[in-house]
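Engineer: Supplied structure: coords_4.csv, CSV, C-alpha atoms.
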```csv
chain,number,residue,atom,x,y,z
A,1,PHE,CA,-8.4,-10.8,42.4
A,2,LEU,CA,-10.9,-8.1,43.4
A,3,ASP,CA,-13.0,-10.4,45.5
A,4,PHE,CA,-12.3,-8.9,48.9
A,5,ASN,CA,-15.1,-10.8,50.6
A,6,SER,CA,-13.2,-14.1,50.1
A,7,SER,CA,-9.9,-12.8,51.5
A,8,ILE,CA,-8.6,-11.1,54.6
A,9,PRO,CA,-10.7,-7.9,55.2
A,10,LEU,CA,-8.8,-4.8,53.9
A,11,ASP,CA,-8.8,-1.4,55.5
A,12,ILE,CA,-11.1,1.1,53.7
A,13,LEU,CA,-8.1,3.3,53.0
A,14,ILE,CA,-6.3,0.5,51.3
A,15,GLN,CA,-9.3,-0.5,49.2
A,16,GLY,CA,-9.6,3.2,48.1
A,17,GLU,CA,-5.9,3.1,47.1
A,18,ILE,CA,-6.5,-0.1,45.1
A,19,GLY,CA,-9.4,1.6,43.3
A,20,CYS,CA,-7.2,4.6,42.4
A,21,ALA,CA,-4.5,2.2,41.2
A,22,LEU,CA,-7.0,0.5,38.9
A,23,LEU,CA,-7.9,4.0,37.4
A,24,ILE,CA,-4.3,4.6,36.7
A,25,LEU,CA,-3.9,1.1,35.1
A,26,GLY,CA,-7.0,1.6,33.0
A,27,SER,CA,-5.7,5.0,31.8
A,28,GLU,CA,-2.4,3.5,30.7
A,29,LEU,CA,-4.2,0.8,28.7
A,30,GLN,CA,-6.2,3.4,26.9
A,31,LYS,CA,-3.0,4.7,25.3
A,32,TYR,CA,-2.7,1.3,23.6
A,33,SER,CA,-6.4,1.2,22.4
A,34,LYS,CA,-7.3,-1.4,25.0
A,35,TRP,CA,-10.7,0.2,25.6
A,36,ALA,CA,-12.6,-2.9,26.7
A,37,ASP,CA,-9.9,-3.8,29.3
A,38,SER,CA,-9.7,-0.2,30.5
A,39,LEU,CA,-13.5,-0.1,31.0
A,40,ASP,CA,-13.3,-3.2,33.1
A,41,TYR,CA,-10.7,-1.7,35.4
A,42,PHE,CA,-12.6,1.6,35.6
A,43,THR,CA,-15.9,-0.3,36.5
A,44,ASP,CA,-14.1,-2.4,39.1
A,45,ALA,CA,-12.7,0.8,40.6
A,46,LEU,CA,-16.1,2.3,40.7
A,47,ASN,CA,-17.6,-0.8,42.4
A,48,ILE,CA,-14.8,-0.6,45.0
A,49,PHE,CA,-15.6,3.0,45.8
A,50,HIS,CA,-19.3,2.2,46.1
A,51,SER,CA,-18.6,-0.8,48.4
A,52,ILE,CA,-16.6,1.3,50.9
A,53,GLY,CA,-19.3,4.0,51.1
A,54,TYR,CA,-18.1,6.7,48.8
A,55,ASP,CA,-21.1,8.8,47.6
A,56,CYS,CA,-21.6,10.3,44.1
A,57,LYS,CA,-19.9,13.5,45.1
A,58,HIS,CA,-16.7,11.9,46.2
A,59,PRO,CA,-13.8,13.0,44.0
A,60,ASP,CA,-12.7,9.4,43.3
A,61,VAL,CA,-16.2,8.5,42.2
A,62,ILE,CA,-16.5,11.5,40.0
A,63,ARG,CA,-13.1,10.7,38.4
A,64,ALA,CA,-14.1,7.0,37.9
A,65,LEU,CA,-17.3,8.0,36.2
A,66,GLN,CA,-15.4,10.4,33.9
A,67,HIS,CA,-13.0,7.5,33.0
A,68,VAL,CA,-16.0,5.2,32.3
A,69,ASP,CA,-17.6,7.9,30.0
A,70,SER,CA,-14.3,8.1,28.1
A,71,CYS,CA,-14.7,4.4,27.1
A,72,ALA,CA,-18.2,4.8,25.6
A,73,MET,CA,-16.7,4.1,22.2
A,74,LYS,CA,-18.5,5.1,19.0
A,75,ASN,CA,-17.5,3.7,15.6
A,76,VAL,CA,-16.3,6.1,13.0
A,77,VAL,CA,-18.7,5.7,10.1
A,78,LEU,CA,-19.7,7.5,6.9
A,79,VAL,CA,-22.4,10.1,7.5
A,80,SER,CA,-24.0,12.7,5.3
A,81,GLU,CA,-22.2,16.0,5.1
A,82,GLY,CA,-25.1,17.7,6.9
A,83,SER,CA,-25.1,15.3,9.8
A,84,PRO,CA,-24.7,16.7,13.4
A,85,ASN,CA,-22.5,13.7,14.1
A,86,LYS,CA,-19.8,14.5,11.5
A,87,LEU,CA,-16.2,14.7,12.6
A,88,ILE,CA,-14.1,17.9,12.1
A,89,LEU,CA,-10.3,17.9,12.5
A,90,ARG,CA,-8.7,20.4,14.9
A,91,LYS,CA,-5.7,21.0,12.7
A,92,TRP,CA,-4.7,19.7,9.3
A,93,THR,CA,-2.4,20.5,6.3
A,94,MET,CA,-3.1,20.2,2.6
A,95,GLY,CA,-0.9,18.8,-0.1
A,96,ASN,CA,0.6,15.4,-1.1
A,97,LYS,CA,2.4,13.6,1.7
A,98,ALA,CA,0.9,16.0,4.3
A,99,ARG,CA,0.8,14.7,7.8
A,100,PHE,CA,-1.8,15.6,10.5
A,101,SER,CA,-3.1,14.5,13.8
A,102,THR,CA,-6.7,13.2,14.0
A,103,GLU,CA,-7.5,15.2,17.1
A,104,LEU,CA,-11.0,16.7,16.7
A,105,SER,CA,-12.5,20.2,17.1
A,106,SER,CA,-16.0,18.7,16.8
A,107,HIS,CA,-15.3,16.6,19.9
A,108,PRO,CA,-12.9,18.5,22.1
A,109,GLY,CA,-10.5,16.3,23.9
A,110,TYR,CA,-11.1,13.4,21.6
A,111,ALA,CA,-9.6,12.0,18.3
A,112,ILE,CA,-9.9,9.2,15.8
A,113,VAL,CA,-8.4,6.1,17.4
A,114,ARG,CA,-8.1,2.4,16.8
A,115,MET,CA,-10.9,0.4,18.4
A,116,ARG,CA,-9.0,-2.7,19.4
A,117,GLY,CA,-5.3,-1.9,19.1
A,118,VAL,CA,-4.8,-5.3,17.5
A,119,TYR,CA,-5.0,-6.1,13.8
A,120,ARG,CA,-7.2,-9.0,13.0
A,121,ASP,CA,-7.8,-11.1,9.8
A,122,GLY,CA,-10.4,-9.9,7.4
A,123,ILE,CA,-11.6,-11.4,4.2
A,124,VAL,CA,-13.7,-10.3,1.2
A,125,LYS,CA,-14.4,-13.1,-1.3
A,126,ASN,CA,-10.9,-14.8,-1.5
A,127,LEU,CA,-9.0,-11.7,-0.6
A,128,SER,CA,-7.5,-11.6,2.9
A,129,TYR,CA,-6.0,-8.7,4.8
A,130,LYS,CA,-5.5,-7.3,8.3
A,131,THR,CA,-7.9,-4.7,9.7
A,132,ASP,CA,-8.9,-2.8,12.8
A,133,MET,CA,-12.0,-0.6,13.2
A,134,LEU,CA,-11.8,3.1,14.0
A,135,GLY,CA,-13.6,4.9,16.8
A,136,VAL,CA,-13.6,8.2,18.6
A,137,GLY,CA,-11.5,8.1,21.8
A,138,LEU,CA,-9.3,10.2,24.0
A,139,LYS,CA,-6.9,12.5,22.1
A,140,GLU,CA,-3.9,10.9,23.9
A,141,SER,CA,-4.5,7.9,21.6
A,142,ALA,CA,-4.9,10.0,18.4
A,143,LEU,CA,-3.7,8.5,15.2
A,144,GLU,CA,-1.5,10.5,12.8
A,145,PHE,CA,-2.4,10.2,9.1
A,146,GLU,CA,-0.4,10.9,6.0
A,147,HIS,CA,-2.4,12.0,2.9
A,148,GLU,CA,-0.7,10.7,-0.3
A,149,ASN,CA,-2.0,10.1,-3.8
A,150,GLY,CA,-5.6,10.3,-2.6
A,151,THR,CA,-5.3,7.8,0.3
A,152,MET,CA,-4.8,8.3,4.0
A,153,SER,CA,-2.5,6.0,5.9
A,154,ASN,CA,-1.6,5.5,9.5
A,155,VAL,CA,2.0,7.0,9.9
A,156,SER,CA,3.0,4.4,12.5
A,157,ASP,CA,2.4,1.3,10.3
A,158,GLY,CA,1.2,2.3,6.9
A,159,PHE,CA,-2.3,0.8,7.2
A,160,ILE,CA,-4.8,2.6,5.0
A,161,LEU,CA,-8.1,4.3,5.9
A,162,SER,CA,-10.9,2.5,4.2
A,163,ALA,CA,-14.7,2.0,4.2
A,164,SER,CA,-15.3,-1.5,5.4
A,165,VAL,CA,-16.1,-4.3,3.0
A,166,ALA,CA,-15.2,-2.0,0.1
A,167,THR,CA,-18.6,-0.3,0.4
A,168,VAL,CA,-19.0,3.4,0.3
A,169,SER,CA,-22.4,4.1,1.7
A,170,GLU,CA,-24.0,5.9,4.6
A,171,GLY,CA,-23.6,4.1,7.9
A,172,MET,CA,-20.6,2.0,6.8
A,173,ILE,CA,-17.9,1.6,9.4
A,174,LEU,CA,-14.4,3.0,8.7
A,175,SER,CA,-11.3,0.8,9.3
A,176,LEU,CA,-7.6,0.7,8.9
A,177,ILE,CA,-6.6,-2.1,6.5
A,178,SER,CA,-3.3,-3.5,5.2
A,179,ARG,CA,-2.1,-2.6,1.7
A,180,MET,CA,-3.2,-4.9,-1.1
A,181,ASP,CA,-1.8,-5.1,-4.6
A,182,ILE,CA,-3.3,-6.8,-7.6
A,183,ASN,CA,-1.2,-9.5,-9.3
A,184,GLU,CA,-0.6,-9.3,-13.0
A,185,GLU,CA,-2.6,-12.5,-13.7
A,186,ASP,CA,-5.5,-11.1,-11.7
A,187,GLU,CA,-5.7,-8.0,-14.0
A,188,PHE,CA,-7.4,-10.2,-16.6
A,189,ASN,CA,-9.8,-11.8,-14.0
A,190,GLU,CA,-12.9,-9.7,-14.3
A,191,GLU,CA,-14.3,-10.5,-10.9
A,192,LYS,CA,-11.1,-9.9,-9.1
A,193,LYS,CA,-10.5,-6.7,-11.0
A,194,ARG,CA,-13.9,-5.4,-10.0
A,195,LEU,CA,-13.2,-6.3,-6.4
A,196,PHE,CA,-9.9,-4.4,-6.4
A,197,ASP,CA,-11.5,-1.4,-8.1
A,198,ALA,CA,-14.1,-1.4,-5.3
A,199,LEU,CA,-11.4,-1.7,-2.6
A,200,ARG,CA,-9.5,1.1,-4.2
A,201,ALA,CA,-12.5,3.4,-4.3
A,202,ALA,CA,-13.2,2.7,-0.7
A,203,THR,CA,-9.8,4.1,0.3
A,204,LEU,CA,-10.0,7.4,-1.5
A,205,PHE,CA,-10.5,10.4,0.9
A,206,SER,CA,-10.0,14.1,0.9
A,207,ILE,CA,-10.1,16.9,3.4
A,208,GLY,CA,-12.7,19.7,3.1
A,209,PRO,CA,-12.0,23.4,3.9
A,210,ASP,CA,-13.9,22.9,7.1
A,211,GLY,CA,-11.7,20.1,8.3
A,212,ARG,CA,-14.0,17.2,7.5
A,213,ILE,CA,-12.7,14.0,5.9
A,214,PHE,CA,-14.9,13.0,3.0
A,215,SER,CA,-15.0,10.2,0.4
A,216,THR,CA,-13.6,11.3,-2.9
A,217,VAL,CA,-15.9,9.0,-4.8
A,218,ALA,CA,-19.0,10.1,-2.8
A,219,PRO,CA,-18.3,13.7,-1.6
A,220,HIS,CA,-21.6,13.9,0.1
A,221,LEU,CA,-20.4,11.4,2.7
A,222,CYS,CA,-17.8,12.2,5.4
A,223,LEU,CA,-16.4,10.7,8.5
A,224,GLY,CA,-18.8,10.8,11.5
A,225,THR,CA,-20.1,8.6,14.3
A,226,TYR,CA,-23.2,6.6,15.1
A,227,PRO,CA,-25.6,8.3,17.6
A,228,TYR,CA,-25.1,5.6,20.3
A,229,PRO,CA,-22.0,3.8,21.8
A,230,SER,CA,-21.2,0.6,19.9
A,231,LEU,CA,-21.7,-2.9,21.2
A,232,TYR,CA,-18.6,-5.1,21.1
A,233,LEU,CA,-17.4,-8.4,22.5
A,234,VAL,CA,-16.0,-8.4,26.0
A,235,ALA,CA,-14.4,-11.2,28.0
A,236,ARG,CA,-16.7,-13.7,29.7
A,237,GLY,CA,-17.3,-12.4,33.2
A,238,SER,CA,-16.6,-8.8,32.4
A,239,PRO,CA,-18.4,-6.3,34.7
A,240,ASN,CA,-19.6,-4.6,31.5
A,241,GLN,CA,-21.3,-7.5,29.8
A,242,ALA,CA,-24.7,-6.8,28.4
A,243,VAL,CA,-27.4,-8.9,30.2
A,244,LEU,CA,-30.8,-9.2,28.7
A,245,LYS,CA,-33.7,-8.5,31.1
A,246,HIS,CA,-36.2,-10.8,29.4
A,247,PHE,CA,-33.7,-13.7,28.8
A,248,SER,CA,-35.9,-16.4,30.4
A,249,ASP,CA,-38.9,-15.2,28.4
A,250,LEU,CA,-36.8,-15.4,25.2
A,251,LEU,CA,-35.7,-18.9,26.0
A,252,ASN,CA,-39.3,-20.0,26.5
A,253,LEU,CA,-40.2,-18.5,23.1
A,254,LYS,CA,-38.7,-20.4,20.1
A,255,GLU,CA,-39.0,-18.9,16.7
A,256,SER,CA,-39.9,-22.2,15.3
A,257,ASN,CA,-43.1,-22.3,17.5
A,258,LEU,CA,-44.5,-19.0,16.0
A,259,PRO,CA,-47.6,-19.3,13.9
A,260,THR,CA,-47.0,-20.0,10.2
A,261,GLN,CA,-47.5,-16.4,9.2
A,262,GLY,CA,-44.2,-15.5,10.7
A,263,LEU,CA,-42.7,-13.0,13.1
A,264,ALA,CA,-43.8,-10.0,11.0
A,265,ASN,CA,-47.4,-10.7,11.8
A,266,ASN,CA,-46.7,-11.7,15.4
A,267,SER,CA,-44.7,-8.9,16.8
A,268,ASN,CA,-46.4,-9.3,20.1
A,269,CYS,CA,-44.6,-12.7,20.4
A,270,ALA,CA,-41.2,-11.0,20.4
A,271,PHE,CA,-39.5,-9.5,23.4
A,272,ARG,CA,-37.8,-6.2,23.6
A,273,LEU,CA,-34.0,-6.4,24.0
A,274,GLU,CA,-33.9,-4.5,27.2
A,275,LEU,CA,-30.8,-4.8,29.5
A,276,SER,CA,-30.9,-5.5,33.2
A,277,SER,CA,-27.2,-4.8,33.3
A,278,HIS,CA,-27.7,-1.3,32.0
A,279,PRO,CA,-31.0,0.0,33.5
A,280,GLY,CA,-33.1,2.1,31.2
A,281,MET,CA,-31.0,0.9,28.2
A,282,GLY,CA,-31.4,-1.6,25.4
A,283,ILE,CA,-29.8,-3.0,22.2
A,284,VAL,CA,-30.7,-0.5,19.5
A,285,PRO,CA,-30.1,-0.1,15.8
A,286,ASN,CA,-27.3,2.4,15.2
A,287,HIS,CA,-28.3,3.4,11.7
A,288,HIS,CA,-31.7,4.9,10.7
A,289,ASP,CA,-32.0,2.8,7.5
A,290,LEU,CA,-31.8,-0.5,9.5
A,291,ALA,CA,-29.8,-2.0,6.6
A,292,THR,CA,-26.5,-1.2,4.9
A,293,PRO,CA,-26.0,-2.6,1.4
A,294,LEU,CA,-22.7,-4.3,0.9
A,295,GLY,CA,-21.3,-3.5,-2.5
A,296,VAL,CA,-19.0,-6.5,-2.7
A,297,LEU,CA,-21.0,-9.1,-0.8
A,298,LYS,CA,-24.1,-9.0,-3.0
A,299,GLY,CA,-27.4,-9.8,-1.3
A,300,CYS,CA,-26.1,-9.2,2.2
A,301,LEU,CA,-27.7,-6.7,4.6
A,302,GLY,CA,-26.6,-5.6,8.0
A,303,VAL,CA,-27.0,-3.0,10.7
A,304,SER,CA,-24.7,-2.0,13.5
A,305,LEU,CA,-25.9,-2.4,17.0
A,306,GLY,CA,-25.5,0.1,19.9
A,307,LEU,CA,-26.4,0.8,23.5
A,308,GLY,CA,-29.3,3.3,23.6
A,309,PRO,CA,-32.6,4.3,25.3
A,310,VAL,CA,-34.8,1.3,26.0
A,311,GLU,CA,-37.7,2.9,24.1
A,312,HIS,CA,-35.7,2.4,20.9
A,313,ALA,CA,-34.6,-1.1,21.6
A,314,LEU,CA,-35.0,-3.9,19.0
A,315,SER,CA,-37.3,-6.9,19.7
A,316,GLY,CA,-36.4,-10.4,18.9
A,317,THR,CA,-36.8,-14.1,19.4
A,318,ILE,CA,-34.5,-17.1,19.8
A,319,ASN,CA,-34.7,-19.9,17.2
A,320,GLU,CA,-34.3,-23.6,17.8
A,321,ARG,CA,-30.5,-23.2,17.6
A,322,ASN,CA,-30.5,-20.6,20.3
A,323,HIS,CA,-29.6,-17.9,17.8
A,324,LEU,CA,-31.0,-14.5,18.6
```
The structure given in the file should be rewritten as structure tokens.

Structural biologist:
Amino acid sequence: FLDFNSSIPLDILIQGEIGCALLILGSELQKYSKWADSLDYFTDALNIFHSIGYDCKHPDVIRALQHVDSCAMKNVVLVSEGSPNKLILRKWTMGNKARFSTELSSHPGYAIVRMRGVYRDGIVKNLSYKTDMLGVGLKESALEFEHENGTMSNVSDGFILSASVATVSEGMILSLISRMDINEEDEFNEEKKRLFDALRAATLFSIGPDGRIFSTVAPHLCLGTYPYPSLYLVARGSPNQAVLKHFSDLLNLKESNLPTQGLANNSNCAFRLELSSHPGMGIVPNHHDLATPLGVLKGCLGVSLGLGPVEHALSGTINERNHL
């Protein structure tokens, strides 16, 4: 509905008002953690302003850019207590059943928020639950936590703060998860009891005297952020989709056609994951170790991806199934 070229030409003033209306709509959606949708509206507004000749100093362009920046979401993750990316609460109270806002002094104007605003199904082994990842967003969307019996829960729905996949390690993403109770018959199942013990340990958090939230079972780890904004799925056709600059080269290079010694010895055959949609940027690893051990899913390794400087971009190939 923003394709003005295919409809009756609109007055510049009207187009400017439409752009401002999109900024308002995007701001309202942010209150419900609809960050991806908000970013689309902000980007559409910015494109409108550029199309009608507004320069970079125009107030509406400046406002649109500020809104775009507010959607550069970073996951909340576990970082070392000495990390410059750790999160510090602005205000908090101690004691059992204490409630506090997640507004941050380490990031003025920002707070811990839900990344998607919709709980989705998660599963570890045969155990299913609802979950939503946490990020750092505008303080207007701040969560309120209650600290009770060693766990922190979201006041509005009772979902619990937890390290994802029941794994307490540096770089692991933090989420809200639904409550889970072990059945009596499962108490005698060694594997299920081990899983529940790991899940329980991943939900134990405390508040330090400086306002940091740290893992009770690993006090050297506290809540923080990745260095770069996170990559996440957007709707097909989104103005914010990531487009690979060397896509045609990647298609021409199939991993199965590499020499038998493999990619490790043929790094010159891989292409850097640079983005044409975001000039000067690429798909980068968001954790320095490049692998996060998953305590429950034995043998699985993973790394979170982010949007960062092209000089730090990963390189890759596409296999015969068109998997990157």

Engineer: Tell me which of A:Val217, A:Ala21, A:Ile123, A:Ala313 sits closest to Ala64 of chain A, counting all atoms listed in the file.

Structural biologist: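 Smallest separation from Ala64 of chain A among the options: A:Ala21.
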
Engineer: Might you pull out every residue within 7 Å of Met172 of chain A, with only C-alpha atoms counted and same-chain residues fewer than 5 positions away left off, and present them as a list in words?

Structural biologist: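 Returned residues: Val77, Leu78, Ala163, Ser164 and Thr292 of chain A.
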
Engineer: With distances taken over all atoms listed in the file, which residue among A:Ser156, A:Asn240, A:Ser215, A:Asn75 lies nearest Ile173 of chain A?

Structural biologist: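 The closest residue to Ile173 of chain A is A:Asn75.
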
Engineer: Gly282 of chain A: which residues within 7 Å, counting all atoms listed in the file, same-chain residues fewer than 5 positions away excluded, as a list in words?

Structural biologist: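 With the cut-off at 7 Å, the set is Leu273, Glu274, Leu275, Leu307, Gly308, Pro309, Val310 and Ala313 of chain A.
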
Engineer: So, with all atoms listed in the file as the atoms that count, which of A:Glu148, A:Asp121, A:Glu320, A:Asp60 lies closest to Leu204 of chain A?

Structural biologist: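 Under the stated criterion, the closest residue is A:Glu148.
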
Engineer: Would you pick out the contacts of Asp69 of chain A at 12 Å or less, using all atoms listed in the file, so that residues sharing its chain but fewer than 5 positions from it are not included, and give the list as a PyMOL selection string?

Structural biologist: chain A and resi 35+38-39+42-43+62-64+74+110+137-138+229

Engineer: Do you know which residues are at most 10 Å from Glu81 of chain A counting all atoms listed in the file, after dropping those on the same chain fewer than 3 positions away, and could you put them as a list in words?

Structural biologist: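 Returned residues: Leu78, Pro84, Asn85, Lys86, Leu87, Arg212, Ile213, Phe214, Pro219, His220, Leu221, Cys222, Leu223 and Gly224 of chain A.
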
Engineer: Residues at most 10 Å from Met73 of chain A, counting all atoms listed in the file, excluding those fewer than 3 positions away in the same chain, as a PDB file with C-alpha atoms, keeping the file's coordinate frame?

Structural biologist:
```pdb
ATOM      1  CA  TRP A  35     -10.700   0.200  25.600  1.00  0.00           C
ATOM      2  CA  ALA A  36     -12.600  -2.900  26.700  1.00  0.00           C
ATOM      3  CA  ASP A  69     -17.600   7.900  30.000  1.00  0.00           C
ATOM      4  CA  SER A  70     -14.300   8.100  28.100  1.00  0.00           C
ATOM      5  CA  VAL A  76     -16.300   6.100  13.000  1.00  0.00           C
ATOM      6  CA  VAL A 113      -8.400   6.100  17.400  1.00  0.00           C
ATOM      7  CA  MET A 115     -10.900   0.400  18.400  1.00  0.00           C
ATOM      8  CA  LEU A 134     -11.800   3.100  14.000  1.00  0.00           C
ATOM      9  CA  GLY A 135     -13.600   4.900  16.800  1.00  0.00           C
ATOM     10  CA  VAL A 136     -13.600   8.200  18.600  1.00  0.00           C
ATOM     11  CA  GLY A 137     -11.500   8.100  21.800  1.00  0.00           C
ATOM     12  CA  LEU A 138      -9.300  10.200  24.000  1.00  0.00           C
ATOM     13  CA  THR A 225     -20.100   8.600  14.300  1.00  0.00           C
ATOM     14  CA  TYR A 226     -23.200   6.600  15.100  1.00  0.00           C
ATOM     15  CA  TYR A 228     -25.100   5.600  20.300  1.00  0.00           C
ATOM     16  CA  PRO A 229     -22.000   3.800  21.800  1.00  0.00           C
ATOM     17  CA  SER A 230     -21.200   0.600  19.900  1.00  0.00           C
ATOM     18  CA  LEU A 231     -21.700  -2.900  21.200  1.00  0.00           C
ATOM     19  CA  TYR A 232     -18.600  -5.100  21.100  1.00  0.00           C
ATOM     20  CA  GLY A 306     -25.500   0.100  19.900  1.00  0.00           C
TER      21      GLY A 306
END
```

Engineer: Between atom CA of Leu250 of chain A and atom CA of Ile318 of chain A, what distance in Å does the model show, to one decimal?

Structural biologist: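 Calculated distance between atom CA of Leu250 of chain A and atom CA of Ile318 of chain A is 6.1 Å.
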
Engineer: In Å, how far is it from atom CA of Ala98 of chain A to atom CA of Asn149 of chain A?

Structural biologist: 10.4 Å

Engineer: Quick one: of A:Asp210, A:Ala202, A:Lys34, A:Asp40, who's nearest to Gly237 of chain A, counting all atoms listed in the file?

Structural biologist: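 Of A:Asp210, A:Ala202, A:Lys34, A:Asp40, the one nearest Gly237 of chain A is A:Asp40, counting all atoms listed in the file.
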
Engineer: Closest to Ala242 of chain A among A:Ile207, A:Ile283, A:Leu13, A:Ala201, using all atoms listed in the file?

Structural biologist: A:Ile283

Engineer: Just the number, please: distance in Å from atom CA of Ser175 of chain A to atom CA of Leu25 of chain A, one decimal.

Structural biologist: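 Spanning atom CA of Ser175 of chain A to atom CA of Leu25 of chain A is a straight-line distance of 26.8 Å.
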
Engineer: Measuring atom to atom with all atoms listed in the file, identify which of A:Leu46, A:Leu29, A:Leu251, A:Ile112 is nearest to Gln15 of chain A.

Structural biologist: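 Closest to Gln15 of chain A, using all atoms listed in the file: A:Leu46.
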